[in-house]
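Participant: Please read through the structure below; I'll follow up with questions.
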Amino acid sequence: MGIDIGHFLTEVKKATRGQALPVVDLIAVQTEDPFKVLVATILSARTKDETTAASSKRLFARAQTAEELTELSEEELQKLIYPVGFYKNKAGYLKKLPEALKEFKGVVPETMTELLRLPGVGRKTANLVLSIAFKKPAICVDTHVHRIMNIWGYVETATPLKTEMALREKLPEEFWIPVNSLLVSLGQSICRPVSPRCSECPLEKECPQLGITPRKATLKAKKNTPSYRYISWNVNGIRAVEKKGFIDIVQELNPDVIGLQETKAQPEQLSESLKNIPGYTSYWYSAQRKGYSGVAFYSKHEPLQVIYGIGAEEFDCEGRVITLEFADHYLATIYFPNSADQLKRLDYKLRFNRALLAFFQKLEKEKAVILCGDFNVAHKEIDLKNPKSNVKNAGFTPEERAWMDEFLEAGYTDTFRLFNQDPENYSWWSYRFSARSKNIGWRIDYFCVSENGQKRIVNAEILPEVMGSDHCPVLLDFKQ
Ligand code: SF4
C-alpha cells in the first residue's frame with residue numbers, strides 16, 4: 001500500500017517549521033514582483049541561499065526593473081552577483097534578459113513555454129516562477145523532490161522530469177506549490193542526499209526508506225589526524241548521475257578529491273555545472289569511442305602534474321587512468337577493463353593490469369602511490385555474495401584474482417580490509433533482480449596504497465547509502 005502523501009507532507013511541515021525559508025520563497029515573502037522573483041531564481045541555481053540573498057540585494061539596489069538592468073554592463077553584473085555559482089554565465093543571461101522580455105512587452109510571461117524562451121531559464125526555474133510569482137499550479141521538481149518522492153515510493157522514476165510528470169498525474173493540486181519548499185527544507189536538514197538522519201525524522205516509522213541506508217556514525221566522525229579525504233566512485237554515466245543529484249552529493253561528501261570511473265562522456269557533452277563544481281577543478285579523460293569508459297577527477301588542491309593514461313596506446317585510447325601528482329604522493333583514478341562475456345577481454349585486461357603495475361612501480365620509487373577505482377575484480381570469496389556460482393565469470397576468474405594477489409604481494413594494501421573483515425560489504429550490485437535491496441553484491445571498488453604510504457592510511461569505508469549508480473562510492477582518509 002502506498003503512503004498517505006497528505007499526512008507525510010503535514011509531518012514534514014511540522015518538522016521543518018522555523019527553518020530558514022528556501023531563498024526564492026524568502027524573496028517571494030519580501031516582494032511579489034515577478035521580475036525580481038525571476039532574477040533571484042536564476043541567481044539561486046547551484047548557490048547557497050545566503051549567497052543568493054546577498055547577491056540579489058546588491059543587484060536590486062542598482063536595478064529593480066528590466067529597463068534598469070539594460071543600464072548595467074556585463075562586467076558590472078558579474079561584480080554585483082559574484083560569488084553566486086557560474087556568475088559569469090548568469091551575468092550573460094541577465095544582460096540578455098531585457099531584450100528577450102521585449103517579446104512579452106517587457107513583462108515576465110506567465111506560461112511555461114514562454115518562460116523557457118528566456119535566457120538561463122530551465123524547467124525548474126520556470127516552475128518556481130510560475131508557482132511563486134504567479135501562484136499558478138506548477139510543481140518544481142529539483143533533486144530533493146525527485147529523490148525523496150522515490151525514497152517514499154510515491155513515484156518510481158529515473159529523472160526529475162519523469163518525477164514532475166508522475167506527480168502531475170497523482171499529487172493532489174493543493175500540494176503542487178508547497179511541495180518544493182517542504183522537500184527542499186527536509187532534504188537540506190534531515191533527509192540529506194548522503195546518509196539521511198532517519199532517527200531524527202518524524203516519518204521514521206512509516207517511511208519505506210527505499211534504496212537508502214540511514215546515517216552511519218563513522219562517516220561523520222571527525223578524525224583527530226589531519227588527513228585528506230579521498231573518494232572514488234564508478235558513476236556509470238556522469239550525465240545520468242548528474243540528474244540524480246551528483247553535484248549535491250559531492251558537495252555534501254565534501255572530499256578533497258573525488259575520482260570517477262565510467263564517465264561515458266566526451267568533454268563537449270558535459271554541462272557547465274558538471275565542469276565547474278564550486279571549489280573544485282575537474283580533469284577528464286575520455287575514451288575515443290563515444291559513451292564508453294572514461295575517468296575524471298575533481299580536486300580542491302592544485303596538483304603539481306596531471307598524467308593522462310599510462311603511456312600505452314592500446315589502453316589509453318579507452319580513457320582508463322588519470323594520475324594527479326601532489327607534493328608527497330600520487331593519486332590515480334582507474335577504470336580497469338571488464339573481462340566481458342565469455343571472458344573475451346580477459347587477455348586484454350591481464351595485459352592492462354601488468355602494464356599498470358609496472359607504470360606505478362616506477363612512480364612509487366619517488367613517493368607514495370594511491371590507486372583508486374573500479375578494479376572489476378572481487379578478490380576473495382568474502383568479497384561477493386555468491387562466490388561458488390561465479391568462479392568462471394568475469395570479475396572472479398582465477399586469473400583475475402591471481403593478479404590481485406600479485407598486486408598486493410608487490411606491496412599494495414587493500415585499505416578497506418585493514419579496517420573491516422566482515423562479509424557482505426559490497427560496492428556494486430546488478431540493476432537486475434532488486435540485487436541492491438537484497439544486498440546481493442560484489443566488492444570491486446578499492447583504494448589501494450603502496451608500501452611507502454601505508455603508515456598514512458587513517459580510515460577506509462564503503463558508502464552503500466549513496467545512490468545514483470549501480471556502484472557506490474568508497475572512501476579513504478590519508479594522513480597529510
Ligand atoms: S529516508 Fe529517513 S530521513 Fe528520509 S524521509 Fe524517510 S525516514 Fe525521513
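Chain labels run A, B, ... following the order of the C-alpha cells; each chain numbers its residues from 1, and ligands are numbered from 1 in the order shown.
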As a count of residues only, please: the residues near range 325-341 of chain A (cut-off 6 Å, only C-alpha atoms, same-chain neighbours under 6 positions excluded).

Facilitator: 17

Participant: If you count only C-alpha atoms and all ligand atoms, which residues end up within 12 Å of ligand 1, as a PDB file with N, CA and C atoms, in the first residue's frame?

Facilitator:
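File written: pocket_21.pdb
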ATOM      1  N   ILE A   3       1.929   5.370   0.405  1.00  0.00           N
ATOM      2  CA  ILE A   3       1.930   6.256   1.568  1.00  0.00           C
ATOM      3  C   ILE A   3       0.762   7.246   1.485  1.00  0.00           C
ATOM      4  N   ILE A   5       0.154  10.728   1.292  1.00  0.00           N
ATOM      5  CA  ILE A   5       1.003  11.879   0.980  1.00  0.00           C
ATOM      6  C   ILE A   5       0.623  13.115   1.799  1.00  0.00           C
ATOM      7  N   PHE A   8       2.154  12.678   5.176  1.00  0.00           N
ATOM      8  CA  PHE A   8       3.616  12.827   5.103  1.00  0.00           C
ATOM      9  C   PHE A   8       4.009  14.303   5.008  1.00  0.00           C
ATOM     10  N   LEU A   9       3.325  15.039   4.127  1.00  0.00           N
ATOM     11  CA  LEU A   9       3.715  16.447   3.933  1.00  0.00           C
ATOM     12  C   LEU A   9       3.355  17.292   5.156  1.00  0.00           C
ATOM     13  N   GLU A  11       3.514  16.168   8.221  1.00  0.00           N
ATOM     14  CA  GLU A  11       4.593  15.879   9.189  1.00  0.00           C
ATOM     15  C   GLU A  11       5.872  16.634   8.818  1.00  0.00           C
ATOM     16  N   VAL A  12       6.152  16.719   7.514  1.00  0.00           N
ATOM     17  CA  VAL A  12       7.355  17.452   7.074  1.00  0.00           C
ATOM     18  C   VAL A  12       7.207  18.928   7.447  1.00  0.00           C
ATOM     19  N   ALA A  15       7.947  19.337  11.027  1.00  0.00           N
ATOM     20  CA  ALA A  15       9.363  19.094  11.356  1.00  0.00           C
ATOM     21  C   ALA A  15      10.276  20.210  10.875  1.00  0.00           C
ATOM     22  N   THR A  16       9.866  20.907   9.818  1.00  0.00           N
ATOM     23  CA  THR A  16      10.773  21.917   9.245  1.00  0.00           C
ATOM     24  C   THR A  16      10.342  23.341   9.614  1.00  0.00           C
ATOM     25  N   HIS A 144      16.000  17.273  -4.618  1.00  0.00           N
ATOM     26  CA  HIS A 144      15.429  16.838  -3.337  1.00  0.00           C
ATOM     27  C   HIS A 144      14.036  16.225  -3.540  1.00  0.00           C
ATOM     28  N   VAL A 145      13.189  16.924  -4.322  1.00  0.00           N
ATOM     29  CA  VAL A 145      11.835  16.415  -4.538  1.00  0.00           C
ATOM     30  C   VAL A 145      11.905  15.057  -5.254  1.00  0.00           C
ATOM     31  N   ARG A 147      14.367  12.872  -5.339  1.00  0.00           N
ATOM     32  CA  ARG A 147      14.962  11.830  -4.501  1.00  0.00           C
ATOM     33  C   ARG A 147      13.981  11.370  -3.417  1.00  0.00           C
ATOM     34  N   ILE A 148      13.393  12.327  -2.711  1.00  0.00           N
ATOM     35  CA  ILE A 148      12.563  11.955  -1.556  1.00  0.00           C
ATOM     36  C   ILE A 148      11.272  11.273  -2.012  1.00  0.00           C
ATOM     37  N   MET A 149      10.690  11.745  -3.111  1.00  0.00           N
ATOM     38  CA  MET A 149       9.464  11.088  -3.607  1.00  0.00           C
ATOM     39  C   MET A 149       9.753   9.630  -3.992  1.00  0.00           C
ATOM     40  N   ASN A 150      10.975   9.352  -4.475  1.00  0.00           N
ATOM     41  CA  ASN A 150      11.351   7.962  -4.797  1.00  0.00           C
ATOM     42  C   ASN A 150      11.638   7.167  -3.538  1.00  0.00           C
ATOM     43  N   ILE A 151      12.259   7.797  -2.543  1.00  0.00           N
ATOM     44  CA  ILE A 151      12.520   7.105  -1.272  1.00  0.00           C
ATOM     45  C   ILE A 151      11.188   6.711  -0.620  1.00  0.00           C
ATOM     46  N   TRP A 152      10.197   7.570  -0.761  1.00  0.00           N
ATOM     47  CA  TRP A 152       8.874   7.287  -0.198  1.00  0.00           C
ATOM     48  C   TRP A 152       8.095   6.278  -1.047  1.00  0.00           C
ATOM     49  N   GLY A 153       8.591   6.001  -2.238  1.00  0.00           N
ATOM     50  CA  GLY A 153       7.873   5.078  -3.126  1.00  0.00           C
ATOM     51  C   GLY A 153       6.613   5.709  -3.699  1.00  0.00           C
ATOM     52  N   TYR A 154       6.488   7.046  -3.584  1.00  0.00           N
ATOM     53  CA  TYR A 154       5.290   7.713  -4.115  1.00  0.00           C
ATOM     54  C   TYR A 154       5.354   7.743  -5.639  1.00  0.00           C
ATOM     55  N   LEU A 182       8.806  22.391   0.995  1.00  0.00           N
ATOM     56  CA  LEU A 182       8.807  21.407   2.082  1.00  0.00           C
ATOM     57  C   LEU A 182       9.926  20.376   1.900  1.00  0.00           C
ATOM     58  N   LEU A 183      10.057  19.849   0.681  1.00  0.00           N
ATOM     59  CA  LEU A 183      11.048  18.784   0.496  1.00  0.00           C
ATOM     60  C   LEU A 183      12.467  19.331   0.378  1.00  0.00           C
ATOM     61  N   VAL A 184      12.613  20.579  -0.086  1.00  0.00           N
ATOM     62  CA  VAL A 184      13.958  21.183  -0.064  1.00  0.00           C
ATOM     63  C   VAL A 184      14.381  21.351   1.401  1.00  0.00           C
ATOM     64  N   SER A 185      13.460  21.848   2.226  1.00  0.00           N
ATOM     65  CA  SER A 185      13.800  22.012   3.651  1.00  0.00           C
ATOM     66  C   SER A 185      14.136  20.660   4.281  1.00  0.00           C
ATOM     67  N   LEU A 186      13.322  19.647   3.996  1.00  0.00           N
ATOM     68  CA  LEU A 186      13.584  18.316   4.575  1.00  0.00           C
ATOM     69  C   LEU A 186      14.911  17.752   4.042  1.00  0.00           C
ATOM     70  N   GLY A 187      15.131  17.945   2.743  1.00  0.00           N
ATOM     71  CA  GLY A 187      16.343  17.404   2.104  1.00  0.00           C
ATOM     72  C   GLY A 187      17.615  18.091   2.579  1.00  0.00           C
ATOM     73  N   GLN A 188      17.494  19.363   2.941  1.00  0.00           N
ATOM     74  CA  GLN A 188      18.702  20.080   3.399  1.00  0.00           C
ATOM     75  C   GLN A 188      18.997  19.807   4.870  1.00  0.00           C
ATOM     76  N   SER A 189      17.961  19.396   5.629  1.00  0.00           N
ATOM     77  CA  SER A 189      18.182  19.278   7.074  1.00  0.00           C
ATOM     78  C   SER A 189      18.220  17.821   7.551  1.00  0.00           C
ATOM     79  N   ILE A 190      17.220  17.033   7.194  1.00  0.00           N
ATOM     80  CA  ILE A 190      17.104  15.684   7.779  1.00  0.00           C
ATOM     81  C   ILE A 190      17.318  14.587   6.724  1.00  0.00           C
ATOM     82  N   CYS A 191      16.567  14.666   5.655  1.00  0.00           N
ATOM     83  CA  CYS A 191      16.650  13.607   4.632  1.00  0.00           C
ATOM     84  C   CYS A 191      17.719  13.994   3.618  1.00  0.00           C
ATOM     85  N   ARG A 192      18.959  14.070   4.082  1.00  0.00           N
ATOM     86  CA  ARG A 192      20.052  14.588   3.258  1.00  0.00           C
ATOM     87  C   ARG A 192      20.438  13.568   2.187  1.00  0.00           C
ATOM     88  N   PRO A 193      21.034  14.053   1.084  1.00  0.00           N
ATOM     89  CA  PRO A 193      21.356  13.132  -0.016  1.00  0.00           C
ATOM     90  C   PRO A 193      22.295  12.012   0.409  1.00  0.00           C
ATOM     91  N   VAL A 194      23.201  12.307   1.324  1.00  0.00           N
ATOM     92  CA  VAL A 194      24.097  11.270   1.820  1.00  0.00           C
ATOM     93  C   VAL A 194      23.713  10.983   3.265  1.00  0.00           C
ATOM     94  N   SER A 195      23.477   9.727   3.579  1.00  0.00           N
ATOM     95  CA  SER A 195      23.186   9.321   4.944  1.00  0.00           C
ATOM     96  C   SER A 195      22.042  10.109   5.594  1.00  0.00           C
ATOM     97  N   PRO A 196      20.810   9.909   5.158  1.00  0.00           N
ATOM     98  CA  PRO A 196      19.685  10.602   5.787  1.00  0.00           C
ATOM     99  C   PRO A 196      19.627  10.337   7.300  1.00  0.00           C
ATOM    100  N   ARG A 197      19.196  11.360   8.043  1.00  0.00           N
ATOM    101  CA  ARG A 197      19.169  11.234   9.512  1.00  0.00           C
ATOM    102  C   ARG A 197      17.809  10.712   9.960  1.00  0.00           C
ATOM    103  N   CYS A 198      17.548   9.452   9.642  1.00  0.00           N
ATOM    104  CA  CYS A 198      16.217   8.890   9.876  1.00  0.00           C
ATOM    105  C   CYS A 198      15.844   8.919  11.359  1.00  0.00           C
ATOM    106  N   SER A 199      16.834   8.771  12.240  1.00  0.00           N
ATOM    107  CA  SER A 199      16.496   8.726  13.661  1.00  0.00           C
ATOM    108  C   SER A 199      15.966  10.082  14.137  1.00  0.00           C
ATOM    109  N   GLU A 200      16.210  11.150  13.365  1.00  0.00           N
ATOM    110  CA  GLU A 200      15.700  12.468  13.762  1.00  0.00           C
ATOM    111  C   GLU A 200      14.430  12.823  12.994  1.00  0.00           C
ATOM    112  N   CYS A 201      13.937  11.901  12.183  1.00  0.00           N
ATOM    113  CA  CYS A 201      12.834  12.213  11.265  1.00  0.00           C
ATOM    114  C   CYS A 201      11.498  11.726  11.836  1.00  0.00           C
ATOM    115  N   PRO A 202      10.460  12.565  11.806  1.00  0.00           N
ATOM    116  CA  PRO A 202       9.156  12.135  12.340  1.00  0.00           C
ATOM    117  C   PRO A 202       8.529  11.018  11.514  1.00  0.00           C
ATOM    118  N   LEU A 203       9.046  10.799  10.314  1.00  0.00           N
ATOM    119  CA  LEU A 203       8.461   9.768   9.448  1.00  0.00           C
ATOM    120  C   LEU A 203       9.169   8.425   9.567  1.00  0.00           C
ATOM    121  N   GLU A 204      10.120   8.338  10.484  1.00  0.00           N
ATOM    122  CA  GLU A 204      10.989   7.155  10.527  1.00  0.00           C
ATOM    123  C   GLU A 204      10.209   5.837  10.522  1.00  0.00           C
ATOM    124  N   LYS A 205       9.125   5.777  11.303  1.00  0.00           N
ATOM    125  CA  LYS A 205       8.403   4.501  11.428  1.00  0.00           C
ATOM    126  C   LYS A 205       7.544   4.183  10.206  1.00  0.00           C
ATOM    127  N   GLU A 206       7.149   5.221   9.465  1.00  0.00           N
ATOM    128  CA  GLU A 206       6.227   4.976   8.342  1.00  0.00           C
ATOM    129  C   GLU A 206       6.911   5.008   6.976  1.00  0.00           C
ATOM    130  N   CYS A 207       8.106   5.612   6.929  1.00  0.00           N
ATOM    131  CA  CYS A 207       8.762   5.825   5.633  1.00  0.00           C
ATOM    132  C   CYS A 207       9.288   4.497   5.067  1.00  0.00           C
ATOM    133  N   PRO A 208       9.010   4.197   3.806  1.00  0.00           N
ATOM    134  CA  PRO A 208       9.526   2.938   3.231  1.00  0.00           C
ATOM    135  C   PRO A 208      11.052   2.927   3.099  1.00  0.00           C
ATOM    136  N   GLN A 209      11.687   4.098   3.154  1.00  0.00           N
ATOM    137  CA  GLN A 209      13.160   4.212   3.089  1.00  0.00           C
ATOM    138  C   GLN A 209      13.732   3.428   1.910  1.00  0.00           C
ATOM    139  N   LEU A 210      13.114   3.563   0.765  1.00  0.00           N
ATOM    140  CA  LEU A 210      13.545   2.765  -0.385  1.00  0.00           C
ATOM    141  C   LEU A 210      14.929   3.186  -0.869  1.00  0.00           C
ATOM    142  N   GLY A 211      15.821   2.219  -0.922  1.00  0.00           N
ATOM    143  CA  GLY A 211      17.146   2.446  -1.506  1.00  0.00           C
ATOM    144  C   GLY A 211      18.083   3.275  -0.666  1.00  0.00           C
ATOM    145  N   ILE A 212      17.797   3.476   0.604  1.00  0.00           N
ATOM    146  CA  ILE A 212      18.736   4.269   1.398  1.00  0.00           C
ATOM    147  C   ILE A 212      19.211   3.482   2.612  1.00  0.00           C
ATOM    148  N   THR A 213      20.337   3.901   3.141  1.00  0.00           N
ATOM    149  CA  THR A 213      20.819   3.347   4.405  1.00  0.00           C
ATOM    150  C   THR A 213      20.973   4.527   5.344  1.00  0.00           C
ATOM    151  N   PRO A 214      20.321   4.508   6.512  1.00  0.00           N
ATOM    152  CA  PRO A 214      20.445   5.645   7.415  1.00  0.00           C
ATOM    153  C   PRO A 214      21.890   5.937   7.784  1.00  0.00           C
ATOM    154  N   ARG A 215      22.109   7.144   8.232  1.00  0.00           N
ATOM    155  CA  ARG A 215      23.455   7.627   8.514  1.00  0.00           C
ATOM    156  C   ARG A 215      24.240   6.704   9.442  1.00  0.00           C
ATOM    157  N   GLU A 465      25.144   3.814   1.227  1.00  0.00           N
ATOM    158  CA  GLU A 465      23.936   4.634   1.296  1.00  0.00           C
ATOM    159  C   GLU A 465      23.848   5.651   0.157  1.00  0.00           C
TER     160      GLU A 465
END

Participant: Could you go through range 194-354 of chain A and tell me which residues DSSP, when run on the backbone, assigns to strand (DSSP E or B), listing them as number ranges by chain?

Facilitator: A: 227-234, 257-261, 281-285, 295-299, 305-308, 321-325, 329-335

Participant: With only C-alpha atoms as the counted atoms, please give the residues lying no more than 9 Å from Asn276 in chain A, apart from itself and same-chain residues fewer than 6 positions off, as a PyMOL selection string.

Facilitator: chain A and resi 85-86+282

Participant: Just asking: which residues within range 247-458 of chain A are alpha helix (DSSP H) according to DSSP, as a VMD selection string?

Facilitator: chain A and resid 247 to 253 272 to 275 313 to 316 346 to 364 398 to 409 415 to 419

Participant: As an exercise, work out the distance from CA of Leu253 in chain A to CA of Leu463 in chain A in Å and give it to one decimal place.

Facilitator: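 Pair CA of Leu253 in chain A / CA of Leu463 in chain A returns 10.2 Å.
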
Participant: Tell me which protein, DNA and RNA residues are within 12 Å of Gly106 in chain A, counting only C-alpha atoms, leaving out same-chain ones fewer than 4 positions away, and put them as a list in words.

Facilitator: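 That gives Pro34, Phe35, Thr65, Ala66, Glu67, Glu68, Leu69, Thr70, Leu97, Pro98, Glu99, Ala100, Leu101, Lys102 and Leu118 of chain A.
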
Participant: Which distance in Å separates CA of Val37 in chain A and CA of Arg239 in chain A, to one decimal?

Facilitator: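 Spanning CA of Val37 in chain A to CA of Arg239 in chain A is a straight-line distance of 29.0 Å.
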
Participant: When you count only C-alpha atoms, which of these residues is closest to Met165 in chain A: A:Ala296, A:Leu72, A:Ala138, A:Ala63?

Facilitator: A:Ala138

Participant: Excluding His301 in chain A and residues on its chain fewer than 2 positions from it, collect all residues at most 9 Å away from it, counting only C-alpha atoms, and give them as a PyMOL selection string.

Facilitator: chain A and resi 256-257+280-281+299+303+326

Participant: Name all residues at most 9 Å from Leu21 in chain A (count only C-alpha atoms; drop same-chain ones fewer than 5 positions away) and give them as a tab-separated table (two decimals) with C-alpha atoms, in the first residue's frame.

Facilitator:
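Below is the file that was written, selection-v4.tsv:
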chain	number	residue	atom	x	y	z
A	26	LEU	CA	12.12	34.34	1.04
A	49	ASP	CA	20.78	30.53	-0.08
A	181	SER	CA	9.76	24.24	-0.25
A	185	SER	CA	13.80	22.01	3.65

Participant: Extract, using only C-alpha atoms, all DNA, RNA and protein residues at most 9 Å from range 401-403 of chain A, discarding same-chain residues fewer than 3 positions from it, and format them as a list in words.

Facilitator: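 Counting only the stated atoms, we get Leu350, Asn353, Arg354, Val377, Ala378, His379, Lys380, Gly395, Phe396, Thr397, Pro398, Glu406, Phe407 and Leu408 of chain A.
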
Participant: To one decimal in Å, tell me the separation between CA of Glu318 in chain A and CA of Tyr348 in chain A.

Facilitator: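 For CA of Glu318 in chain A relative to CA of Tyr348 in chain A, the distance reads 11.9 Å.
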